[in-house]
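Q: For reference, the structure I am asking about is given below.
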Amino acid sequence: YESIQLGAIPVLLVDNIVLPFERFIDWRSFSVKINVSNIRNIIYFLYRIDKFEKYIKEKLENASSYLHAFQWPYSINKQLFQFEDLNDRVENVFRYISLELRCRRLEQLYGFTVDRLNIKSIEAQRLACTNHPNICPCHNEQRSLAFQEYI
């Protein structure tokens with residue numbers, strides 16, 4: 001969030017992290033993730049980027065479309081929390097938390113287990129997203145970004 005606010009591309013140097021609201025936010029479109037174990041190859045990754053300036057511009061444009069996802073819709077005014085009108089946007093951090101919890105509950109109802117790679121869990125995720133696409137978006141890829149590296 002801070003990177004986006006500063007007009008920079010978030011660069012994540014970390015192994016195996018689940019990013020906030022992964023199922024709702026396309027992290028690949030505006031951030032870079034390199035596994036710590038692969039940090040020595042960072043220069044190689046940068047050289048692989050074709051049309052670097054265009055790449056930066058696209059990432060920054062995409063990042064600005066997700067600013068609302070991390071905004072706190074309240075401000076401290078006279079030592080009280082007061083609701084801030086964010087241009088009538090309802091897509092703030094609370095909406096994403098609410099959707100995530102609702103989606104997880106639906107997946108549980110369809111038989112999701114602790115092992116998310118289990119066939120029963122994968123089928124539960126598919127049923128939840130197929131039957132409730134407004135709550136649980138469907139993705140072709142079942143693997144979390146936690147185990148992936150992307151530029």
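Naming scheme: A, B, ... for chains in displayed order of the structure tokens; residues 1 onward per chain; ligands 1 onward as shown.
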Which neighbours of range 23-37 of chain A fall inside 10 Å, counting only C-alpha atoms, when residues of the same chain fewer than 6 positions from it are skipped, and could you give them as JSON, numbers by chain?
A: {"A": [3, 4, 8, 9, 10, 11, 12, 13, 14, 15, 16, 17, 45, 55, 56, 57, 58, 59, 60, 61, 62, 63, 64, 65, 66, 69, 96, 99, 100, 103, 135, 136, 137, 138, 139, 142, 144, 145, 146, 147, 148, 149, 150, 151]}
Q: Enumerate as a ChimeraX atom specification all residues of chain A assigned to alpha helix (DSSP H) by DSSP on the backbone, naming them with the chain letters and numbers the document uses.
A: /A:2-5,42-48,52-64,93-109,119-131
Q: From the options A:Glu22, A:Glu2, A:Glu123, A:Asp50, which residue's atoms come nearest to Glu107 in chain A, counting only C-alpha atoms?
A: A:Glu123
Q: Determine which residues of chain A receive a DSSP assignment of strand (DSSP E or B), computed from the backbone, and state them as a ChimeraX atom specification.
A: /A:11-13,32-34,74-77,80-83,150
Q: Mind giving me the straight-line distance from CA of Tyr110 in chain A to CA of Asn131 in chain A in Å, one decimal?
A: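 So the answer is 10.5 Å.
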